[in-house]
file final_18.txt (compact mmCIF, C-alpha atoms)
# COMPACT_ATOMS: atom_id res chain seq x y z
CA MET X 12 0.29 3.25 -16.43
CA ALA X 13 3.47 5.10 -17.39
CA VAL X 14 5.91 5.30 -14.51
CA ILE X 15 7.64 8.59 -13.55
CA SER X 16 5.93 10.38 -16.39
CA GLN X 17 4.62 13.08 -14.01
CA ASP X 18 1.31 12.95 -15.83
CA ILE X 19 -0.89 13.92 -12.87
CA GLN X 20 -0.67 17.61 -11.99
CA THR X 21 -4.17 18.52 -10.76
CA LEU X 22 -6.80 17.00 -8.49
CA ASP X 23 -9.03 16.62 -11.58
CA GLU X 24 -6.34 14.44 -13.16
CA LEU X 25 -5.83 12.44 -9.95
CA PHE X 26 -9.60 11.91 -9.68
CA LEU X 27 -9.74 10.69 -13.28
CA HIS X 28 -6.75 8.38 -12.80
CA THR X 29 -8.35 6.84 -9.69
CA LEU X 30 -11.70 6.49 -11.48
CA GLN X 31 -9.87 4.59 -14.25
CA ASP X 32 -8.10 2.48 -11.60
CA VAL X 33 -11.44 1.51 -10.00
CA TYR X 34 -13.01 0.90 -13.43
CA TYR X 35 -10.24 -1.61 -14.18
CA ALA X 36 -10.61 -3.12 -10.69
CA GLU X 37 -14.40 -3.60 -11.00
CA ASN X 38 -13.92 -5.26 -14.39
CA GLN X 39 -11.35 -7.65 -12.88
CA ILE X 40 -13.82 -8.46 -10.09
CA LEU X 41 -16.49 -9.22 -12.71
CA LYS X 42 -14.14 -11.93 -14.04
CA ALA X 43 -13.06 -13.22 -10.60
CA LEU X 44 -16.47 -13.57 -8.89
CA PRO X 45 -17.89 -16.41 -11.06
CA LYS X 46 -14.70 -18.42 -10.37
CA MET X 47 -15.00 -17.77 -6.62
CA SER X 48 -18.68 -18.78 -6.67
CA ALA X 49 -17.78 -22.00 -8.53
CA LYS X 50 -15.22 -22.88 -5.84
CA ALA X 51 -17.59 -22.14 -2.91
CA SER X 52 -19.61 -24.94 -1.25
CA ASP X 53 -21.64 -23.06 1.41
CA PRO X 54 -24.96 -22.05 -0.25
CA ASP X 55 -25.04 -18.68 1.58
CA LEU X 56 -21.52 -17.86 0.42
CA LYS X 57 -22.29 -18.92 -3.15
CA ALA X 58 -25.45 -16.76 -3.08
CA ALA X 59 -23.46 -13.80 -1.71
CA PHE X 60 -20.94 -14.09 -4.57
CA ASP X 61 -23.68 -14.43 -7.19
CA SER X 62 -25.60 -11.46 -5.82
CA HIS X 63 -22.44 -9.34 -5.66
CA LEU X 64 -21.61 -10.28 -9.26
CA HIS X 65 -24.94 -8.76 -10.28
CA GLU X 66 -24.18 -5.64 -8.17
CA THR X 67 -20.66 -5.37 -9.63
CA ASP X 68 -22.15 -5.24 -13.11
CA GLY X 69 -24.18 -2.26 -11.86
CA HIS X 70 -21.02 -0.66 -10.40
CA VAL X 71 -19.35 -0.77 -13.80
CA ARG X 72 -22.41 0.91 -15.35
CA ARG X 73 -22.41 3.63 -12.66
CA LEU X 74 -18.69 4.28 -13.23
CA GLU X 75 -19.47 4.65 -16.95
CA GLN X 76 -22.14 7.17 -15.93
CA VAL X 77 -19.48 9.17 -14.00
CA PHE X 78 -17.11 9.09 -17.02
CA GLY X 79 -20.08 10.44 -19.03
CA MET X 80 -20.60 13.29 -16.51
CA LEU X 81 -16.96 14.28 -17.16
CA GLY X 82 -17.54 14.10 -20.93
CA LEU X 83 -15.03 11.25 -21.24
CA ALA X 84 -15.12 7.70 -22.61
CA PRO X 85 -14.72 4.97 -19.96
CA ARG X 86 -11.16 3.64 -19.80
CA GLY X 87 -9.23 1.54 -17.30
CA VAL X 88 -5.63 1.85 -16.14
CA ASP X 89 -3.54 -0.92 -14.60
CA CYS X 90 -4.31 -1.42 -10.93
CA PRO X 91 -1.42 -3.37 -9.36
CA ALA X 92 -3.31 -3.40 -6.03
CA MET X 93 -6.37 -5.28 -7.37
CA ASP X 94 -4.12 -7.54 -9.47
CA GLY X 95 -2.21 -8.44 -6.29
CA ILE X 96 -5.38 -8.96 -4.22
CA ILE X 97 -6.88 -11.31 -6.85
CA ARG X 98 -3.55 -13.14 -7.33
CA GLU X 99 -3.36 -13.72 -3.57
CA ALA X 100 -6.97 -15.00 -3.54
CA ASP X 101 -6.19 -17.45 -6.38
CA GLU X 102 -2.95 -18.66 -4.78
CA ILE X 103 -4.52 -19.32 -1.37
CA ALA X 104 -7.54 -21.09 -2.89
CA ALA X 105 -5.20 -23.33 -4.92
CA GLU X 106 -3.56 -24.53 -1.69
CA ILE X 107 -6.79 -25.78 -0.07
CA SER X 108 -8.82 -28.91 -0.80
CA ASP X 109 -11.05 -29.06 2.35
CA LYS X 110 -14.39 -27.50 1.35
CA SER X 111 -15.15 -25.71 4.62
CA VAL X 112 -11.61 -24.28 4.92
CA LEU X 113 -11.76 -23.19 1.27
CA ASP X 114 -15.07 -21.40 1.94
CA GLY X 115 -13.42 -19.53 4.82
CA ALA X 116 -10.51 -18.50 2.61
CA LEU X 117 -12.78 -17.41 -0.26
CA ALA X 118 -14.93 -15.24 2.03
CA ALA X 119 -11.81 -13.68 3.56
CA SER X 120 -10.32 -12.95 0.12
CA ALA X 121 -13.59 -11.37 -0.98
CA GLN X 122 -13.41 -9.08 2.06
CA THR X 123 -9.95 -7.84 0.99
CA VAL X 124 -11.50 -7.06 -2.43
CA GLU X 125 -14.43 -5.20 -0.80
CA HIS X 126 -12.12 -3.20 1.46
CA TYR X 127 -9.95 -2.05 -1.45
CA GLU X 128 -13.09 -0.76 -3.13
CA ILE X 129 -14.41 0.83 0.07
CA ALA X 130 -11.14 2.78 0.40
CA ARG X 131 -11.17 3.85 -3.26
CA TYR X 132 -14.84 4.90 -3.37
CA GLY X 133 -14.44 6.83 -0.09
CA THR X 134 -11.54 8.72 -1.66
CA LEU X 135 -13.30 9.32 -4.98
CA ILE X 136 -16.37 10.72 -3.19
CA ALA X 137 -14.22 13.13 -1.11
CA TRP X 138 -12.38 14.31 -4.23
CA ALA X 139 -15.61 14.68 -6.24
CA ARG X 140 -16.92 16.99 -3.46
CA GLU X 141 -13.60 18.90 -3.35
CA LEU X 142 -14.00 19.41 -7.11
CA GLY X 143 -17.63 20.56 -6.72
CA ARG X 144 -18.99 17.47 -8.50
CA GLU X 145 -21.83 16.47 -6.16
CA ASP X 146 -23.45 14.68 -9.13
CA ALA X 147 -20.50 12.27 -9.43
CA ALA X 148 -20.25 11.93 -5.62
CA ALA X 149 -23.91 10.84 -5.41
CA VAL X 150 -23.45 8.10 -8.02
CA LEU X 151 -20.21 6.86 -6.43
CA GLN X 152 -21.93 6.81 -3.02
CA GLN X 153 -24.37 4.18 -4.33
CA ASN X 154 -21.43 1.91 -5.22
CA LEU X 155 -19.82 2.53 -1.82
CA ASP X 156 -23.05 1.67 0.02
CA GLU X 157 -23.28 -1.65 -1.84
CA GLU X 158 -19.62 -2.49 -1.15
CA TYR X 159 -20.19 -1.87 2.58
CA ALA X 160 -23.32 -4.07 2.48
CA ALA X 161 -21.44 -6.86 0.66
CA ASP X 162 -18.66 -6.71 3.26
CA ARG X 163 -21.20 -6.87 6.13
CA LYS X 164 -22.88 -9.87 4.48
CA LEU X 165 -19.52 -11.71 4.33
CA THR X 166 -18.90 -10.87 8.01
CA GLN X 167 -22.34 -12.32 8.88
CA ILE X 168 -21.51 -15.53 6.98
CA ALA X 169 -18.18 -15.80 8.85
CA GLU X 170 -19.89 -15.16 12.22
CA ALA X 171 -22.54 -17.81 11.46
CA ARG X 172 -19.64 -20.29 11.06
CA VAL X 173 -18.23 -19.25 14.46
CA ASN X 174 -21.65 -19.66 16.09
CA ARG X 175 -22.22 -23.08 14.48
CA ARG X 176 -18.86 -24.26 15.86
CA ALA X 177 -19.67 -22.89 19.33
CA ARG X 178 -22.94 -24.85 19.57
CA MET N 12 4.32 -19.19 -1.01
CA ALA N 13 4.18 -22.46 -2.92
CA VAL N 14 1.38 -22.51 -5.48
CA ILE N 15 -0.97 -25.52 -5.83
CA SER N 16 0.87 -27.36 -3.09
CA GLN N 17 -2.40 -28.00 -1.18
CA ASP N 18 -0.57 -27.17 2.04
CA ILE N 19 -3.56 -25.75 3.92
CA GLN N 20 -6.00 -28.43 5.11
CA THR N 21 -7.37 -27.10 8.41
CA LEU N 22 -8.63 -23.78 9.76
CA ASP N 23 -5.59 -23.76 12.11
CA GLU N 24 -3.32 -23.88 9.06
CA LEU N 25 -5.34 -21.18 7.25
CA PHE N 26 -5.20 -18.98 10.37
CA LEU N 27 -1.42 -19.45 10.58
CA HIS N 28 -0.96 -18.73 6.86
CA THR N 29 -2.99 -15.53 7.15
CA LEU N 30 -1.10 -14.51 10.29
CA GLN N 31 2.15 -14.94 8.33
CA ASP N 32 0.65 -12.94 5.44
CA VAL N 33 -0.20 -10.03 7.76
CA TYR N 34 3.20 -10.27 9.47
CA TYR N 35 4.87 -9.82 6.08
CA ALA N 36 2.43 -7.00 5.21
CA GLU N 37 3.06 -5.08 8.46
CA ASN N 38 6.82 -5.37 7.90
CA GLN N 39 6.44 -3.99 4.37
CA ILE N 40 4.39 -1.09 5.78
CA LEU N 41 7.19 -0.39 8.29
CA LYS N 42 9.48 0.18 5.28
CA ALA N 43 6.92 2.14 3.22
CA LEU N 44 5.68 4.65 5.83
CA PRO N 45 8.94 6.63 6.29
CA LYS N 46 9.09 7.11 2.49
CA MET N 47 5.46 8.26 2.42
CA SER N 48 6.10 10.67 5.30
CA ALA N 49 9.16 12.07 3.46
CA LYS N 50 7.04 12.75 0.36
CA ALA N 51 4.19 14.43 2.31
CA SER N 52 4.01 18.23 2.69
CA ASP N 53 0.89 18.74 4.85
CA PRO N 54 2.06 18.73 8.51
CA ASP N 55 -1.07 16.84 9.67
CA LEU N 56 -0.54 14.14 7.06
CA LYS N 57 3.16 13.85 7.90
CA ALA N 58 2.24 13.56 11.61
CA ALA N 59 -0.37 10.89 10.82
CA PHE N 60 2.22 8.82 8.91
CA ASP N 61 4.84 9.21 11.67
CA SER N 62 2.37 8.28 14.38
CA HIS N 63 1.16 5.26 12.41
CA LEU N 64 4.77 4.15 11.86
CA HIS N 65 5.13 4.00 15.65
CA GLU N 66 1.84 2.06 15.90
CA THR N 67 2.88 -0.33 13.11
CA ASP N 68 6.01 -1.20 15.07
CA GLY N 69 3.64 -2.15 17.91
CA HIS N 70 1.49 -4.23 15.52
CA VAL N 71 4.53 -6.29 14.52
CA ARG N 72 5.30 -6.90 18.23
CA ARG N 73 1.68 -7.95 18.89
CA LEU N 74 1.74 -10.36 15.93
CA GLU N 75 4.95 -11.85 17.40
CA GLN N 76 3.03 -12.25 20.66
CA VAL N 77 0.30 -14.22 18.80
CA PHE N 78 2.95 -16.44 17.14
CA GLY N 79 4.27 -17.04 20.69
CA MET N 80 0.77 -18.03 21.91
CA LEU N 81 0.76 -20.70 19.18
CA GLY N 82 4.23 -21.86 20.22
CA LEU N 83 5.69 -20.83 16.86
CA ALA N 84 8.48 -18.54 15.69
CA PRO N 85 7.30 -15.43 13.76
CA ARG N 86 7.62 -15.89 10.01
CA GLY N 87 6.23 -14.05 6.98
CA VAL N 88 4.89 -15.42 3.71
CA ASP N 89 4.68 -13.50 0.44
CA CYS N 90 1.63 -11.25 0.31
CA PRO N 91 0.97 -10.32 -3.34
CA ALA N 92 -1.91 -8.09 -2.20
CA MET N 93 0.24 -5.80 -0.02
CA ASP N 94 3.04 -5.87 -2.62
CA GLY N 95 0.52 -4.68 -5.23
CA ILE N 96 -0.97 -2.02 -2.96
CA ILE N 97 2.48 -0.58 -2.15
CA ARG N 98 3.59 -0.78 -5.81
CA GLU N 99 0.47 1.16 -6.84
CA ALA N 100 1.15 3.78 -4.15
CA ASP N 101 4.75 4.22 -5.40
CA GLU N 102 3.73 4.40 -9.06
CA ILE N 103 1.02 7.03 -8.49
CA ALA N 104 3.30 9.16 -6.27
CA ALA N 105 6.00 9.06 -8.96
CA GLU N 106 3.58 10.61 -11.45
CA ILE N 107 2.82 13.71 -9.33
CA SER N 108 4.93 16.81 -8.68
CA ASP N 109 2.28 19.20 -7.26
CA LYS N 110 2.61 19.03 -3.46
CA SER N 111 -1.08 19.29 -2.60
CA VAL N 112 -2.12 16.71 -5.22
CA LEU N 113 0.67 14.41 -4.02
CA ASP N 114 -0.59 14.73 -0.43
CA GLY N 115 -4.06 13.70 -1.61
CA ALA N 116 -2.66 10.67 -3.44
CA LEU N 117 -0.49 9.64 -0.47
CA ALA N 118 -3.42 9.81 1.97
CA ALA N 119 -5.60 7.81 -0.43
CA SER N 120 -2.90 5.15 -0.90
CA ALA N 121 -2.49 4.88 2.87
CA GLN N 122 -6.23 4.24 3.15
CA THR N 123 -5.95 1.29 0.74
CA VAL N 124 -3.19 -0.07 3.02
CA GLU N 125 -5.35 0.44 6.14
CA HIS N 126 -8.35 -1.24 4.54
CA TYR N 127 -6.35 -4.33 3.55
CA GLU N 128 -5.28 -4.66 7.17
CA ILE N 129 -8.81 -4.00 8.48
CA ALA N 130 -10.10 -6.87 6.30
CA ARG N 131 -7.29 -9.22 7.39
CA TYR N 132 -7.52 -8.47 11.13
CA GLY N 133 -11.33 -8.83 11.03
CA THR N 134 -10.89 -12.27 9.47
CA LEU N 135 -8.10 -13.34 11.84
CA ILE N 136 -10.20 -12.36 14.87
CA ALA N 137 -13.22 -14.35 13.60
CA TRP N 138 -11.02 -17.40 12.95
CA ALA N 139 -9.25 -17.10 16.32
CA ARG N 140 -12.70 -17.21 17.99
CA GLU N 141 -13.80 -20.14 15.79
CA LEU N 142 -10.65 -21.94 16.99
CA GLY N 143 -11.37 -21.06 20.63
CA ARG N 144 -8.33 -18.75 20.87
CA GLU N 145 -9.86 -15.74 22.60
CA ASP N 146 -6.35 -14.82 23.82
CA ALA N 147 -5.13 -14.33 20.23
CA ALA N 148 -8.39 -12.60 19.24
CA ALA N 149 -7.95 -10.03 22.03
CA VAL N 150 -4.41 -9.12 20.91
CA LEU N 151 -5.42 -8.91 17.23
CA GLN N 152 -8.39 -6.71 18.19
CA GLN N 153 -5.95 -4.08 19.50
CA ASN N 154 -4.26 -3.94 16.09
CA LEU N 155 -7.64 -3.75 14.33
CA ASP N 156 -8.77 -0.87 16.57
CA GLU N 157 -5.62 1.10 15.71
CA GLU N 158 -6.03 0.44 11.96
CA TYR N 159 -9.61 1.74 12.12
CA ALA N 160 -8.43 4.83 14.03
CA ALA N 161 -5.64 5.46 11.48
CA ASP N 162 -8.14 5.19 8.62
CA ARG N 163 -10.54 7.63 10.36
CA LYS N 164 -7.65 10.07 10.90
CA LEU N 165 -6.85 9.99 7.16
CA THR N 166 -10.53 10.57 6.34
CA GLN N 167 -10.54 13.61 8.67
CA ILE N 168 -7.45 15.00 6.91
CA ALA N 169 -9.14 14.50 3.50
CA GLU N 170 -12.36 16.15 4.76
CA ALA N 171 -10.40 19.12 6.13
CA ARG N 172 -9.06 19.64 2.59
CA VAL N 173 -12.62 19.60 1.19
CA ASN N 174 -13.76 22.11 3.81
CA ARG N 175 -10.81 24.42 3.18
CA ARG N 176 -11.63 24.44 -0.55
CA ALA N 177 -15.31 25.13 0.18
CA ARG N 178 -14.54 28.24 2.26

call {"tool": "encode", "arguments": {"input": "final_18.txt", "output": "structure tokens"}}
result
Amino acid sequence: MAVISQDIQTLDELFLHTLQDVYYAENQILKALPKMSAKASDPDLKAAFDSHLHETDGHVRRLEQVFGMLGLAPRGVDCPAMDGIIREADEIAAEISDKSVLDGALAASAQTVEHYEIARYGTLIAWARELGREDAAAVLQQNLDEEYAADRKLTQIAEARVNRRAR
Amino acid sequence: MAVISQDIQTLDELFLHTLQDVYYAENQILKALPKMSAKASDPDLKAAFDSHLHETDGHVRRLEQVFGMLGLAPRGVDCPAMDGIIREADEIAAEISDKSVLDGALAASAQTVEHYEIARYGTLIAWARELGREDAAAVLQQNLDEEYAADRKLTQIAEARVNRRAR
């Protein structure tokens, strides 16, 4: 992304830029999830990562559908936020050898990934509506719903740990 | 943060590391919010940033209270995620001159900040409970509640824009 180029002058352009940002982010997540699943020990957590990998592949396809609705080819732009979130996840995981503690850290990192996407999809849906593109909003809503569900699943896994400890 | 030092071996240590991560993040937000408020034109958005700056100051104090409960001095650790989120916010804002479009971008960036914190506080509260520290969980819950409220406020501001356009 060019800095201080003043390239974004309309909401259409801001929507497109953010769509490209999320397209890059989802593609980075596609690369990160198999590594996170490989590091996980808890079978529920591993299953959650594997299932979300499959969903993420669908998210990329839906974003490509939205690019198509705009008559544009799919393209990503640098997303320093997702790069930072994934770098933080990698760095924390590298510091931990205990399997149960590592599982906790991996689940928590995945929730920071989910929440970035929840924020971005919420914004993209609002802007699509503002631009009169209900068709794009409807497709993006499907991705948002799955991000929320993935986040809830990770919360359930974390709560199950708390309950196991309390017994 | 040292990489591959294997410094984190227990959930207590992971909790502390994440507390330090959020302490750093909240302090970065304290620096970023006045700049975001200065760039905003919409009076509601400006007011939301100013009010959240005041709240963020309170979040830092509450985190210091939690450090105190653990008998430790407050300390931050690098948080590549928040650094990346703030860098992305700055880069996007620098590309926009139209006031209304800039307001939209600023509100959206603030929501990515809120959602990082929502994920982190949710995790810290679950871990505090797992560690039997209901006292820390209760204090962290107050920060989480305010982050959720700040995010909802930004959504309301975005929706008001959509409704104005639709009229």

call {"tool": "closest_residue", "arguments": {"input": "final_18.txt", "among": "X:Lys42, X:His65, X:His126, X:Arg72", "to": "Val150 in chain X", "atoms": "all atoms listed in the file"}}
result
X:Arg72

call {"tool": "interface_residues", "arguments": {"input": "final_18.txt", "of": "chain X", "to": "chain N", "cutoff": "6 Å", "atoms": "only C-alpha atoms", "output": "list in words"}}
result
Val14, Ile15, Ser16, Gln17, Asp18, Ile19, Gln20, Leu22, Pro91, Ala92, Gly95, Ile96, Glu99, Glu102, Ala105, Glu106, Ile107, Asp109, Val112, Gln122, Thr123, His126, Tyr127, Ala130, Glu141 and Val173 of chain X

call {"tool": "write_last_selection", "arguments": {"input": "final_18.txt", "atoms": "C-alpha atoms", "output": "PDB file, in the coordinates of the input"}}
result
ATOM      1  CA  VAL X  14       5.910   5.300 -14.510  1.00  0.00           C
ATOM      2  CA  ILE X  15       7.640   8.590 -13.550  1.00  0.00           C
ATOM      3  CA  SER X  16       5.930  10.380 -16.390  1.00  0.00           C
ATOM      4  CA  GLN X  17       4.620  13.080 -14.010  1.00  0.00           C
ATOM      5  CA  ASP X  18       1.310  12.950 -15.830  1.00  0.00           C
ATOM      6  CA  ILE X  19      -0.890  13.920 -12.870  1.00  0.00           C
ATOM      7  CA  GLN X  20      -0.670  17.610 -11.990  1.00  0.00           C
ATOM      8  CA  LEU X  22      -6.800  17.000  -8.490  1.00  0.00           C
ATOM      9  CA  PRO X  91      -1.420  -3.370  -9.360  1.00  0.00           C
ATOM     10  CA  ALA X  92      -3.310  -3.400  -6.030  1.00  0.00           C
ATOM     11  CA  GLY X  95      -2.210  -8.440  -6.290  1.00  0.00           C
ATOM     12  CA  ILE X  96      -5.380  -8.960  -4.220  1.00  0.00           C
ATOM     13  CA  GLU X  99      -3.360 -13.720  -3.570  1.00  0.00           C
ATOM     14  CA  GLU X 102      -2.950 -18.660  -4.780  1.00  0.00           C
ATOM     15  CA  ALA X 105      -5.200 -23.330  -4.920  1.00  0.00           C
ATOM     16  CA  GLU X 106      -3.560 -24.530  -1.690  1.00  0.00           C
ATOM     17  CA  ILE X 107      -6.790 -25.780  -0.070  1.00  0.00           C
ATOM     18  CA  ASP X 109     -11.050 -29.060   2.350  1.00  0.00           C
ATOM     19  CA  VAL X 112     -11.610 -24.280   4.920  1.00  0.00           C
ATOM     20  CA  GLN X 122     -13.410  -9.080   2.060  1.00  0.00           C
ATOM     21  CA  THR X 123      -9.950  -7.840   0.990  1.00  0.00           C
ATOM     22  CA  HIS X 126     -12.120  -3.200   1.460  1.00  0.00           C
ATOM     23  CA  TYR X 127      -9.950  -2.050  -1.450  1.00  0.00           C
ATOM     24  CA  ALA X 130     -11.140   2.780   0.400  1.00  0.00           C
ATOM     25  CA  GLU X 141     -13.600  18.900  -3.350  1.00  0.00           C
ATOM     26  CA  VAL X 173     -18.230 -19.250  14.460  1.00  0.00           C
TER      27      VAL X 173
END

call {"tool": "residues_around", "arguments": {"input": "final_18.txt", "residues": "range 82-84 of chain N", "least_positions_apart": "6", "cutoff": "10 Å", "atoms": "all atoms listed in the file", "output": "list in words"}}
result
Leu27, Glu75 and Gln76 of chain N

call {"tool": "residues_around", "arguments": {"input": "final_18.txt", "residues": "Ala59 in chain N", "least_positions_apart": "4", "cutoff": "8 Å", "atoms": "only C-alpha atoms", "output": "list in words"}}
result
Asp55, His63, Ala161, Lys164 and Leu165 of chain N

call {"tool": "atom_distance", "arguments": {"input": "final_18.txt", "atom1": "CA of Asp61 in chain N", "atom2": "CA of Val33 in chain N"}}
result
20.3 Å

call {"tool": "atom_distance", "arguments": {"input": "final_18.txt", "atom1": "CA of Arg86 in chain N", "atom2": "CA of Ile168 in chain X"}}
result
29.3 Å

call {"tool": "closest_residue", "arguments": {"input": "final_18.txt", "among": "X:Ala147, X:Ile40, X:Leu117, X:Leu155", "to": "Asp68 in chain X", "atoms": "all atoms listed in the file"}}
result
X:Ile40

call {"tool": "closest_residue", "arguments": {"input": "final_18.txt", "among": "N:Pro45, N:Gly79, N:Tyr132, N:Leu56", "to": "Ala171 in chain N", "atoms": "all atoms listed in the file"}}
result
N:Leu56

call {"tool": "atom_distance", "arguments": {"input": "final_18.txt", "atom1": "CA of Val77 in chain N", "atom2": "CA of Leu30 in chain N"}}
result
8.6 Å

call {"tool": "residues_around", "arguments": {"input": "final_18.txt", "residues": "Ile136 in chain X", "least_positions_apart": "5", "cutoff": "7 Å", "atoms": "only C-alpha atoms", "output": "list of chain:residue names"}}
result
X:Ala148, X:Leu151, X:Gln152

call {"tool": "axis_aligned_box", "arguments": {"input": "final_18.txt", "around": "range 137-153 of chain N", "padding_each_side": "3 Å", "output": "AutoDock Vina command-line options"}}
result
--center_x -9.1 --center_y -13.0 --center_z 18.4 --size_x 15.4 --size_y 23.9 --size_z 16.9

call {"tool": "decode", "arguments": {"input": "final_18.txt", "residues": "range 59-83 of chain X", "atoms": "N, CA and C atoms", "output": "mmCIF file, in the first residue's frame"}}
result
data_model
loop_
_atom_site.group_PDB
_atom_site.id
_atom_site.type_symbol
_atom_site.label_atom_id
_atom_site.label_comp_id
_atom_site.auth_asym_id
_atom_site.auth_seq_id
_atom_site.Cartn_x
_atom_site.Cartn_y
_atom_site.Cartn_z
ATOM 1 N N ALA X 59 -11.366 -27.651 15.705
ATOM 2 C CA ALA X 59 -11.873 -26.295 15.459
ATOM 3 C C ALA X 59 -11.000 -25.591 14.411
ATOM 4 N N PHE X 60 -9.695 -25.753 14.515
ATOM 5 C CA PHE X 60 -8.788 -25.132 13.532
ATOM 6 C C PHE X 60 -9.003 -25.738 12.145
ATOM 7 N N ASP X 61 -9.124 -27.069 12.100
ATOM 8 C CA ASP X 61 -9.291 -27.739 10.805
ATOM 9 C C ASP X 61 -10.610 -27.332 10.148
ATOM 10 N N SER X 62 -11.660 -27.262 10.955
ATOM 11 C CA SER X 62 -12.967 -26.888 10.415
ATOM 12 C C SER X 62 -12.952 -25.424 9.950
ATOM 13 N N HIS X 63 -12.239 -24.564 10.703
ATOM 14 C CA HIS X 63 -12.200 -23.154 10.302
ATOM 15 C C HIS X 63 -11.314 -22.952 9.063
ATOM 16 N N LEU X 64 -10.346 -23.835 8.883
ATOM 17 C CA LEU X 64 -9.535 -23.766 7.657
ATOM 18 C C LEU X 64 -10.440 -23.983 6.437
ATOM 19 N N HIS X 65 -11.300 -24.980 6.544
ATOM 20 C CA HIS X 65 -12.247 -25.280 5.471
ATOM 21 C C HIS X 65 -13.170 -24.063 5.235
ATOM 22 N N GLU X 66 -13.666 -23.468 6.336
ATOM 23 C CA GLU X 66 -14.534 -22.283 6.207
ATOM 24 C C GLU X 66 -13.776 -21.113 5.574
ATOM 25 N N THR X 67 -12.514 -20.939 5.978
ATOM 26 C CA THR X 67 -11.714 -19.802 5.483
ATOM 27 C C THR X 67 -11.532 -19.896 3.970
ATOM 28 N N ASP X 68 -11.372 -21.121 3.486
ATOM 29 C CA ASP X 68 -11.296 -21.331 2.047
ATOM 30 C C ASP X 68 -12.585 -20.813 1.382
ATOM 31 N N GLY X 69 -13.718 -21.074 2.017
ATOM 32 C CA GLY X 69 -14.997 -20.561 1.522
ATOM 33 C C GLY X 69 -15.081 -19.035 1.593
ATOM 34 N N HIS X 70 -14.452 -18.449 2.641
ATOM 35 C CA HIS X 70 -14.483 -16.982 2.779
ATOM 36 C C HIS X 70 -13.732 -16.314 1.621
ATOM 37 N N VAL X 71 -12.612 -16.931 1.259
ATOM 38 C CA VAL X 71 -11.832 -16.396 0.136
ATOM 39 C C VAL X 71 -12.681 -16.445 -1.139
ATOM 40 N N ARG X 72 -13.381 -17.560 -1.338
ATOM 41 C CA ARG X 72 -14.234 -17.695 -2.542
ATOM 42 C C ARG X 72 -15.348 -16.644 -2.521
ATOM 43 N N ARG X 73 -15.966 -16.426 -1.347
ATOM 44 C CA ARG X 73 -17.042 -15.414 -1.267
ATOM 45 C C ARG X 73 -16.505 -14.013 -1.525
ATOM 46 N N LEU X 74 -15.285 -13.723 -1.036
ATOM 47 C CA LEU X 74 -14.697 -12.402 -1.315
ATOM 48 C C LEU X 74 -14.467 -12.256 -2.826
ATOM 49 N N GLU X 75 -14.047 -13.331 -3.466
ATOM 50 C CA GLU X 75 -13.848 -13.292 -4.930
ATOM 51 C C GLU X 75 -15.180 -13.027 -5.643
ATOM 52 N N GLN X 76 -16.250 -13.588 -5.056
ATOM 53 C CA GLN X 76 -17.603 -13.331 -5.590
ATOM 54 C C GLN X 76 -17.941 -11.830 -5.488
ATOM 55 N N VAL X 77 -17.587 -11.198 -4.365
ATOM 56 C CA VAL X 77 -17.864 -9.764 -4.179
ATOM 57 C C VAL X 77 -17.026 -8.940 -5.167
ATOM 58 N N PHE X 78 -15.745 -9.288 -5.338
ATOM 59 C CA PHE X 78 -14.933 -8.598 -6.363
ATOM 60 C C PHE X 78 -15.642 -8.704 -7.727
ATOM 61 N N GLY X 79 -16.168 -9.898 -8.028
ATOM 62 C CA GLY X 79 -16.874 -10.118 -9.291
ATOM 63 C C GLY X 79 -18.098 -9.226 -9.427
ATOM 64 N N MET X 80 -18.847 -9.042 -8.320
ATOM 65 C CA MET X 80 -20.025 -8.162 -8.329
ATOM 66 C C MET X 80 -19.642 -6.724 -8.682
ATOM 67 N N LEU X 81 -18.408 -6.340 -8.321
ATOM 68 C CA LEU X 81 -17.923 -4.984 -8.599
ATOM 69 C C LEU X 81 -17.255 -4.907 -9.974
ATOM 70 N N GLY X 82 -17.205 -6.069 -10.669
ATOM 71 C CA GLY X 82 -16.577 -6.107 -11.992
ATOM 72 C C GLY X 82 -15.064 -5.997 -11.920
ATOM 73 N N LEU X 83 -14.491 -6.437 -10.785
ATOM 74 C CA LEU X 83 -13.038 -6.301 -10.601
ATOM 75 C C LEU X 83 -12.404 -7.659 -10.339
#
